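Dropping structure-v3.txt in here (compact mmCIF, C-alpha atoms):
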# COMPACT_ATOMS: atom_id res chain seq x y z
CA MET H 1 29.24 16.47 10.67
CA GLN H 2 27.82 15.85 14.15
CA CYS H 3 27.68 12.51 15.93
CA GLU H 4 23.91 13.05 16.36
CA ASP H 5 23.47 13.00 12.57
CA LEU H 6 24.83 9.49 12.44
CA THR H 7 22.85 7.59 15.09
CA GLU H 8 20.46 5.94 12.64
CA ALA H 9 23.21 5.10 10.16
CA LEU H 10 25.38 3.61 12.93
CA ALA H 11 22.56 1.33 14.05
CA ALA H 12 21.89 0.21 10.47
CA THR H 13 25.59 -0.42 9.87
CA SER H 14 25.85 -2.50 13.03
CA GLU H 15 22.95 -4.62 11.81
CA GLY H 16 24.53 -4.95 8.39
CA SER H 17 21.57 -3.36 6.61
CA GLY H 18 23.20 0.01 5.89
CA HIS H 19 26.41 1.53 4.64
CA LEU H 20 28.19 4.66 5.67
CA GLY H 21 29.05 7.22 3.03
CA ARG H 22 32.61 8.46 2.57
CA ASN H 23 32.18 11.52 4.83
CA GLU H 24 30.40 9.49 7.48
CA ARG H 25 33.10 6.83 7.43
CA ARG H 26 35.78 9.50 7.77
CA HIS H 27 33.96 10.93 10.78
CA VAL H 28 33.61 7.54 12.46
CA GLU H 29 37.27 6.69 11.89
CA ARG H 30 38.22 9.75 13.92
CA CYS H 31 35.40 9.73 16.46
CA LEU H 32 35.75 7.52 19.51
CA ARG H 33 32.19 8.24 20.56
CA CYS H 34 30.72 6.92 17.31
CA GLN H 35 33.03 3.92 17.38
CA ALA H 36 31.82 3.17 20.89
CA GLU H 37 28.22 3.46 19.68
CA ILE H 38 28.83 0.92 16.92
CA VAL H 39 30.35 -1.47 19.46
CA GLN H 40 27.35 -1.00 21.75
CA TYR H 41 24.84 -1.57 18.96
CA ARG H 42 26.66 -4.72 17.87
CA LYS H 43 26.71 -5.99 21.41
CA LEU H 44 23.04 -5.21 21.80
CA LEU H 45 22.11 -7.05 18.60
CA ARG H 46 24.29 -10.02 19.53
CA VAL H 47 22.63 -10.36 22.92
CA MET H 48 19.19 -9.88 21.35
CA ARG H 49 19.86 -12.80 19.01
CA THR H 50 20.85 -15.04 21.89
CA LEU H 51 17.38 -14.50 23.37
CA ARG H 52 15.98 -16.40 20.37
CA THR H 53 17.01 -19.69 21.98
CA ASP H 54 15.50 -18.76 25.35
CA VAL H 55 12.17 -20.50 25.57
CA LEU H 56 9.94 -19.75 28.53
CA GLU H 57 8.16 -22.58 30.25
CA PRO H 58 4.45 -21.89 29.94
CA ALA H 59 2.31 -22.40 33.00
CA PRO H 60 0.96 -25.95 33.22
CA GLY H 61 -2.42 -26.28 31.62
CA LEU H 62 -1.76 -24.01 28.66
CA LEU H 63 -1.35 -26.89 26.21
CA ALA H 64 -4.53 -28.55 27.47
CA ASP H 65 -6.37 -25.23 27.18
CA ILE H 66 -5.21 -24.69 23.60
CA LEU H 67 -6.24 -28.19 22.55
CA ALA H 68 -9.60 -27.90 24.33
CA ASN H 69 -10.18 -24.55 22.66
CA LEU H 70 -9.47 -26.06 19.25
CA GLU H 71 -11.73 -29.00 19.99
CA GLU H 72 -14.54 -26.71 21.07
CA SER H 73 -14.11 -24.53 18.03
CA GLY H 74 -14.18 -27.64 15.82
CA GLU H 75 -17.39 -28.82 17.47
CA ARG H 76 -18.98 -25.40 17.11
CA HIS H 77 -18.03 -25.42 13.46
CA ALA H 78 -19.53 -28.88 12.99
CA ILE H 79 -22.77 -27.86 14.72
CA ARG H 80 -22.95 -24.75 12.56
CA SER H 81 -22.46 -26.88 9.44
CA ILE H 82 -25.23 -29.26 10.51
CA LEU H 83 -27.57 -26.38 11.30
CA SER H 84 -26.83 -24.59 8.06
CA GLY H 85 -27.31 -27.92 6.22
CA ARG H 86 -30.71 -28.34 7.87
CA ARG H 87 -31.59 -24.76 7.07
CA ILE H 88 -30.74 -25.34 3.44
CA ALA H 89 -32.85 -28.54 3.38
CA TYR H 90 -35.76 -26.70 5.03
CA LEU H 91 -35.56 -23.80 2.59
CA GLY H 92 -35.22 -26.23 -0.29
CA GLY H 93 -38.36 -28.08 0.84
CA LEU H 94 -40.23 -24.82 1.23
CA ALA H 95 -39.17 -23.71 -2.25
CA ALA H 96 -40.22 -27.06 -3.75
CA ALA H 97 -43.62 -26.89 -2.03
CA THR H 98 -44.15 -23.34 -3.25
CA ALA H 99 -43.18 -24.30 -6.79
CA ALA H 100 -45.51 -27.31 -6.68
CA GLY H 101 -48.35 -25.13 -5.39
CA ALA H 102 -47.78 -22.57 -8.12
CA ALA H 103 -47.69 -25.26 -10.81
CA GLY H 104 -50.92 -26.76 -9.47
CA ALA H 105 -52.60 -23.35 -9.53
CA ILE H 106 -51.51 -22.80 -13.14
CA VAL H 107 -52.81 -26.23 -14.22
CA PHE H 108 -56.08 -25.65 -12.39
CA ALA H 109 -56.50 -22.19 -13.94
CA SER H 110 -55.81 -23.44 -17.47
CA ARG H 111 -58.28 -26.33 -17.06
CA THR H 112 -60.95 -23.97 -15.77
CA ARG H 113 -60.42 -21.69 -18.77
CA ARG H 114 -60.60 -24.66 -21.19
CA THR H 115 -63.88 -25.86 -19.58
CA ARG H 116 -65.37 -22.37 -19.91
CA LEU H 117 -64.34 -22.12 -23.57
CA ALA H 118 -65.81 -25.58 -24.33
CA GLY H 119 -69.05 -24.64 -22.56
CA MET U 120 7.70 -30.89 11.19
CA THR U 121 7.06 -30.66 7.43
CA ASP U 122 5.22 -33.99 7.48
CA LEU U 123 3.07 -32.80 10.35
CA VAL U 124 2.23 -29.58 8.53
CA THR U 125 1.32 -31.48 5.37
CA ALA U 126 -0.86 -33.93 7.29
CA ALA U 127 -2.53 -31.11 9.22
CA ARG U 128 -3.26 -29.24 5.99
CA ASP U 129 -4.90 -32.38 4.67
CA GLY U 130 -7.29 -32.27 7.60
CA ASP U 131 -5.49 -34.54 10.07
CA ARG U 132 -6.52 -33.04 13.38
CA GLU U 133 -4.09 -35.14 15.39
CA ALA U 134 -1.21 -33.85 13.29
CA PHE U 135 -2.25 -30.31 14.12
CA ASP U 136 -2.45 -31.17 17.81
CA GLU U 137 1.09 -32.50 17.57
CA LEU U 138 2.22 -29.27 15.91
CA VAL U 139 0.72 -27.38 18.83
CA ARG U 140 2.57 -29.63 21.27
CA VAL U 141 5.88 -29.07 19.51
CA THR U 142 5.59 -25.29 19.06
CA HIS U 143 3.45 -23.96 21.91
CA ALA U 144 6.30 -23.06 24.28
CA ASP U 145 8.02 -21.08 21.54
CA THR U 146 4.79 -19.33 20.60
CA TYR U 147 4.08 -18.57 24.25
CA THR U 148 7.57 -17.10 24.65
CA LEU U 149 6.97 -14.71 21.75
CA ALA U 150 3.49 -13.82 23.03
CA TYR U 151 4.92 -13.10 26.47
CA ARG U 152 7.68 -10.95 25.01
CA LEU U 153 5.14 -8.96 23.02
CA THR U 154 2.57 -8.49 25.77
CA GLY U 155 4.76 -8.58 28.88
CA ASP U 156 2.00 -10.33 30.79
CA GLU U 157 1.33 -14.03 31.43
CA GLU U 158 -2.45 -13.84 31.17
CA ASP U 159 -2.33 -11.80 27.99
CA ALA U 160 0.23 -14.19 26.55
CA ARG U 161 -2.06 -17.15 27.23
CA ASP U 162 -4.98 -15.43 25.50
CA VAL U 163 -2.82 -14.48 22.54
CA VAL U 164 -1.46 -18.03 22.15
CA GLN U 165 -4.95 -19.56 22.21
CA GLU U 166 -6.22 -17.10 19.64
CA ALA U 167 -3.11 -17.61 17.49
CA TYR U 168 -3.57 -21.39 17.28
CA LEU U 169 -7.24 -20.99 16.52
CA ARG U 170 -6.43 -18.65 13.65
CA ALA U 171 -3.65 -20.95 12.48
CA TYR U 172 -6.03 -23.92 12.47
CA ARG U 173 -8.64 -22.04 10.50
CA GLY U 174 -6.10 -20.63 8.06
CA LEU U 175 -3.93 -23.71 7.67
CA LYS U 176 -5.15 -24.35 4.14
CA ARG U 177 -3.86 -20.92 3.18
CA PHE U 178 -0.38 -21.70 4.50
CA ARG U 179 1.63 -22.20 1.34
CA GLY U 180 4.60 -23.82 2.98
CA ASP U 181 7.14 -21.52 1.35
CA ALA U 182 7.98 -20.19 4.81
CA GLN U 183 8.68 -22.26 7.90
CA PHE U 184 5.66 -23.11 10.01
CA SER U 185 7.34 -21.44 13.00
CA THR U 186 7.79 -18.18 11.06
CA TRP U 187 4.15 -18.33 9.99
CA MET U 188 3.14 -18.84 13.62
CA TYR U 189 5.28 -15.86 14.67
CA ARG U 190 3.42 -13.67 12.21
CA ILE U 191 0.02 -14.86 13.41
CA THR U 192 1.09 -14.43 17.04
CA ALA U 193 2.36 -10.91 16.35
CA ASN U 194 -0.93 -10.05 14.69
CA CYS U 195 -2.97 -11.48 17.56
CA ALA U 196 -0.82 -9.66 20.12
CA ALA U 197 -1.27 -6.37 18.26
CA THR U 198 -5.05 -6.87 18.20
CA HIS U 199 -5.06 -7.88 21.86
CA LEU U 200 -2.98 -4.91 22.96
CA GLY U 201 -5.05 -2.57 20.80
CA ARG U 202 -8.22 -3.83 22.50
CA ARG U 203 -6.62 -3.40 25.90
CA GLN U 204 -5.45 0.09 24.98
CA ARG U 205 -9.02 1.15 24.44
CA HIS U 206 -9.66 0.27 28.06
CA ARG U 207 -6.39 1.30 29.62
CA HIS U 208 -4.44 4.16 28.14
CA ASP U 209 -1.43 3.89 30.37
CA GLU U 210 0.66 1.16 28.84
CA LEU U 211 0.99 2.21 25.26
CA ASP U 212 2.22 5.69 25.99
CA GLU U 213 5.57 5.90 24.25
CA ALA U 214 6.64 8.71 26.51
CA ALA U 215 6.00 6.60 29.61
CA ALA U 216 8.82 6.72 32.07
CA VAL U 217 11.08 3.71 31.96
CA PRO U 218 12.30 2.16 35.18
CA ASP U 219 15.78 3.11 36.18
CA VAL U 220 17.98 0.12 35.56
CA HIS U 221 21.23 2.00 35.81
CA PRO U 222 23.71 -0.65 36.92
CA ASP U 223 25.26 1.67 39.47
CA HIS U 224 21.94 1.80 41.30
CA ASP U 225 21.58 -1.94 41.58
CA PRO U 226 24.66 -4.04 42.30
CA GLN U 227 22.86 -7.16 41.08
CA LEU U 228 22.56 -5.73 37.59
CA ARG U 229 26.29 -5.18 37.24
CA ALA U 230 29.03 -6.80 35.21
CA ASP U 231 29.31 -10.14 33.37
CA ALA U 232 27.84 -11.39 30.13
CA ASP U 233 24.91 -13.26 31.63
CA ASP U 234 24.01 -10.15 33.45
CA LEU U 235 23.74 -8.28 30.16
CA ARG U 236 21.06 -10.72 29.04
CA GLY U 237 19.24 -10.24 32.31
CA ARG U 238 19.39 -6.50 31.97
CA LEU U 239 18.25 -6.73 28.38
CA ARG U 240 15.17 -8.71 29.47
CA VAL U 241 14.35 -6.05 32.02
CA ALA U 242 14.93 -3.29 29.51
CA LEU U 243 12.71 -5.05 26.95
CA GLU U 244 9.90 -5.39 29.45
CA SER U 245 10.13 -1.73 30.27
CA LEU U 246 9.68 -0.66 26.65
CA PRO U 247 6.25 0.55 25.58
CA PRO U 248 4.50 -2.37 23.79
CA ARG U 249 4.52 -0.60 20.43
CA LEU U 250 8.28 -0.28 20.43
CA ARG U 251 8.86 -3.64 22.07
CA ALA U 252 6.87 -5.50 19.42
CA VAL U 253 8.98 -4.17 16.57
CA VAL U 254 12.37 -4.75 18.16
CA VAL U 255 11.44 -8.24 19.39
CA LEU U 256 10.15 -9.32 15.98
CA ARG U 257 13.10 -7.84 14.12
CA ASP U 258 16.09 -8.43 16.36
CA ILE U 259 15.12 -11.65 18.14
CA TYR U 260 12.85 -13.39 15.62
CA ASP U 261 14.45 -11.94 12.51
CA LEU U 262 11.20 -11.09 10.71
CA PRO U 263 11.61 -8.71 7.76
CA HIS U 264 10.41 -5.10 8.12
CA GLU U 265 7.67 -5.75 5.58
CA ALA U 266 6.21 -8.68 7.56
CA ILE U 267 6.42 -6.77 10.83
CA ALA U 268 4.60 -3.79 9.32
CA ALA U 269 1.92 -6.04 7.83
CA GLU U 270 1.21 -7.92 11.06
CA LEU U 271 1.22 -4.85 13.28
CA GLY U 272 -0.94 -2.88 10.86
CA ILE U 273 1.54 -0.05 10.37
CA SER U 274 3.60 1.25 7.45
CA GLU U 275 7.08 -0.07 6.82
CA SER U 276 8.59 3.35 7.50
CA ALA U 277 6.73 3.54 10.83
CA ALA U 278 8.11 0.12 11.69
CA LYS U 279 11.64 1.33 10.96
CA VAL U 280 11.20 4.48 13.03
CA ARG U 281 9.89 2.44 15.98
CA LEU U 282 12.77 0.00 15.63
CA HIS U 283 15.28 2.81 15.76
CA ARG U 284 13.64 4.33 18.84
CA ALA U 285 13.44 0.97 20.56
CA ARG U 286 17.09 0.17 19.93
CA ASN U 287 18.13 3.57 21.21
CA LYS U 288 16.16 3.12 24.39
CA LEU U 289 17.61 -0.35 24.94
CA ARG U 290 21.12 0.87 24.27
CA ASP U 291 20.64 3.79 26.67
CA GLN U 292 19.53 1.40 29.40
CA LEU U 293 22.20 -1.20 28.81
CA PHE U 294 25.08 1.21 28.29
CA PRO U 295 24.19 4.28 30.29
CA ARG U 296 26.31 7.35 29.79
CA ARG U 297 28.15 8.95 32.62
CA ASP U 298 26.77 12.19 34.03
CA GLY U 299 27.24 15.14 31.71
CA GLU U 300 27.29 13.08 28.53
CA SER U 301 24.34 13.61 26.25
CA ARG U 302 23.05 11.39 23.51
CA ALA U 303 20.80 12.16 20.59
CA VAL U 304 17.76 9.94 20.02
Before we go any further, please render this structure as structure tokens.
Amino acid sequence: MQCEDLTEALAATSEGSGHLGRNERRHVERCLRCQAEIVQYRKLLRVMRTLRTDVLEPAPGLLADILANLEESGERHAIRSILSGRRIAYLGGLAAATAAGAAGAIVFASRTRRTRLAG
Amino acid sequence: MTDLVTAARDGDREAFDELVRVTHADTYTLAYRLTGDEEDARDVVQEAYLRAYRGLKRFRGDAQFSTWMYRITANCAATHLGRRQRHRHDELDEAAAVPDVHPDHDPQLRADADDLRGRLRVALESLPPRLRAVVVLRDIYDLPHEAIAAELGISESAAKVRLHRARNKLRDQLFPRRDGESRAV
């Protein structure tokens, strides 16, 4: 077994998400290079985790920009709702007028036919 | 925080603003780590909060709000970097040369524990964004592989391969081998 065959397994073991098989374990127990790699991976992961508590200070104005952006988006949404509401009302009115016109035409046509039949 | 999230989900805009106040530095930090650029990070953060606001009703609350924000931020950063990649092909090249941060070449980068953190930051910034995103989300923010893959729009196995490559590159930069020693990647 070569050290190169183990690199992925060593990283996974250091993270705690993998296990070494019997042959791999035997190799690592006798291989200083692989042992050093495990130590390095563990160190790397430990330092990575410490970065979690590092919070960068955003440039001044970011918070205000985010809030303004949200506000603007909210206003745009409200305007869109109003416009779409108006559009619906307009289309509704148009549909009602069309329906009324059609009904009137039908009534007129049926009366005309009745008058002709009576005559 | 939970009360704020509940109130914000019920439509309380001020509660959402407060959530932004409480979390924006953390979100910015992640965005900066993913993009490696202040301007990009600002854009990503703004987009992330907009998406969060619009999708707040879909937030089930079974995860922490911060974790949910990390996922949205990761997704926004991936979109942002993808858009930028279409204009500039240089930064996402995985084979791009990494700066030489060999401690022997720079006395300031030598020795003690604090220095290791400093060198790690430099090494992270030098990673190609594709690799950096995976290792930052996994090893700093502890997101599961599945979530990382979903937010970056890649398969879980691709996420694992990238993570392995990223860790190897970081390790090589932090613990450089002496001349003559070779290391498999």
May I have the protein, DNA and RNA residues with an atom at most 9 Å from (4.6, -4.6, 10.9), counting all atoms listed in the file in the file's coordinates, returned as JSON, numbers by chain?
-> {"U": [193, 194, 252, 253, 256, 263, 264, 265, 266, 267, 268, 269, 270, 271, 272, 273, 274, 275, 277, 278]}
Residue among H:Glu72, H:Glu37, H:Asp65, H:Glu15 lying closest to Phe294 (chain U), counting all atoms listed in the file =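 Closest residue, counting all atoms listed in the file: H:Glu37.
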For a cutoff of 12 Å around the file-coordinate point (28.8, 17.5, 14.2), which residues qualify once you count only C-alpha atoms? I'd like the result as a PDB file with C-alpha atoms, in the coordinates of the input.
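Now in out.pdb:
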ATOM      1  CA  MET H   1      29.240  16.470  10.670  1.00  0.00           C
ATOM      2  CA  GLN H   2      27.820  15.850  14.150  1.00  0.00           C
ATOM      3  CA  CYS H   3      27.680  12.510  15.930  1.00  0.00           C
ATOM      4  CA  GLU H   4      23.910  13.050  16.360  1.00  0.00           C
ATOM      5  CA  ASP H   5      23.470  13.000  12.570  1.00  0.00           C
ATOM      6  CA  LEU H   6      24.830   9.490  12.440  1.00  0.00           C
ATOM      7  CA  THR H   7      22.850   7.590  15.090  1.00  0.00           C
ATOM      8  CA  ASN H  23      32.180  11.520   4.830  1.00  0.00           C
ATOM      9  CA  GLU H  24      30.400   9.490   7.480  1.00  0.00           C
ATOM     10  CA  HIS H  27      33.960  10.930  10.780  1.00  0.00           C
ATOM     11  CA  VAL H  28      33.610   7.540  12.460  1.00  0.00           C
ATOM     12  CA  CYS H  31      35.400   9.730  16.460  1.00  0.00           C
ATOM     13  CA  ARG H  33      32.190   8.240  20.560  1.00  0.00           C
ATOM     14  CA  CYS H  34      30.720   6.920  17.310  1.00  0.00           C
TER      15      CYS H  34
ATOM     16  CA  ALA U 303      20.800  12.160  20.590  1.00  0.00           C
TER      17      ALA U 303
END
Could you list, as number ranges by chain, the residues of chain H having an atom within 10 Å of chain U when counting all atoms listed in the file?
-> H: 3-9, 11-12, 15, 37, 40-41, 43-59, 62-71, 73-74
Resulting file, chosen residues, C-alpha atoms, as a PDB file, in the frame of the given file:
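Wrote result.pdb, looks like this:
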ATOM      1  CA  CYS H   3      27.680  12.510  15.930  1.00  0.00           C
ATOM      2  CA  GLU H   4      23.910  13.050  16.360  1.00  0.00           C
ATOM      3  CA  ASP H   5      23.470  13.000  12.570  1.00  0.00           C
ATOM      4  CA  LEU H   6      24.830   9.490  12.440  1.00  0.00           C
ATOM      5  CA  THR H   7      22.850   7.590  15.090  1.00  0.00           C
ATOM      6  CA  GLU H   8      20.460   5.940  12.640  1.00  0.00           C
ATOM      7  CA  ALA H   9      23.210   5.100  10.160  1.00  0.00           C
ATOM      8  CA  ALA H  11      22.560   1.330  14.050  1.00  0.00           C
ATOM      9  CA  ALA H  12      21.890   0.210  10.470  1.00  0.00           C
ATOM     10  CA  GLU H  15      22.950  -4.620  11.810  1.00  0.00           C
ATOM     11  CA  GLU H  37      28.220   3.460  19.680  1.00  0.00           C
ATOM     12  CA  GLN H  40      27.350  -1.000  21.750  1.00  0.00           C
ATOM     13  CA  TYR H  41      24.840  -1.570  18.960  1.00  0.00           C
ATOM     14  CA  LYS H  43      26.710  -5.990  21.410  1.00  0.00           C
ATOM     15  CA  LEU H  44      23.040  -5.210  21.800  1.00  0.00           C
ATOM     16  CA  LEU H  45      22.110  -7.050  18.600  1.00  0.00           C
ATOM     17  CA  ARG H  46      24.290 -10.020  19.530  1.00  0.00           C
ATOM     18  CA  VAL H  47      22.630 -10.360  22.920  1.00  0.00           C
ATOM     19  CA  MET H  48      19.190  -9.880  21.350  1.00  0.00           C
ATOM     20  CA  ARG H  49      19.860 -12.800  19.010  1.00  0.00           C
ATOM     21  CA  THR H  50      20.850 -15.040  21.890  1.00  0.00           C
ATOM     22  CA  LEU H  51      17.380 -14.500  23.370  1.00  0.00           C
ATOM     23  CA  ARG H  52      15.980 -16.400  20.370  1.00  0.00           C
ATOM     24  CA  THR H  53      17.010 -19.690  21.980  1.00  0.00           C
ATOM     25  CA  ASP H  54      15.500 -18.760  25.350  1.00  0.00           C
ATOM     26  CA  VAL H  55      12.170 -20.500  25.570  1.00  0.00           C
ATOM     27  CA  LEU H  56       9.940 -19.750  28.530  1.00  0.00           C
ATOM     28  CA  GLU H  57       8.160 -22.580  30.250  1.00  0.00           C
ATOM     29  CA  PRO H  58       4.450 -21.890  29.940  1.00  0.00           C
ATOM     30  CA  ALA H  59       2.310 -22.400  33.000  1.00  0.00           C
ATOM     31  CA  LEU H  62      -1.760 -24.010  28.660  1.00  0.00           C
ATOM     32  CA  LEU H  63      -1.350 -26.890  26.210  1.00  0.00           C
ATOM     33  CA  ALA H  64      -4.530 -28.550  27.470  1.00  0.00           C
ATOM     34  CA  ASP H  65      -6.370 -25.230  27.180  1.00  0.00           C
ATOM     35  CA  ILE H  66      -5.210 -24.690  23.600  1.00  0.00           C
ATOM     36  CA  LEU H  67      -6.240 -28.190  22.550  1.00  0.00           C
ATOM     37  CA  ALA H  68      -9.600 -27.900  24.330  1.00  0.00           C
ATOM     38  CA  ASN H  69     -10.180 -24.550  22.660  1.00  0.00           C
ATOM     39  CA  LEU H  70      -9.470 -26.060  19.250  1.00  0.00           C
ATOM     40  CA  GLU H  71     -11.730 -29.000  19.990  1.00  0.00           C
ATOM     41  CA  SER H  73     -14.110 -24.530  18.030  1.00  0.00           C
ATOM     42  CA  GLY H  74     -14.180 -27.640  15.820  1.00  0.00           C
TER      43      GLY H  74
END
Residue neighbourhood Asp159 (chain U), 10 Å, all atoms listed in the file, exclusion window fewer than 6 positions, as a list in words |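 In the requested form, the answer reads Ala150, Tyr151, Leu153, Ala196, His199, Leu200 and Arg203 of chain U.
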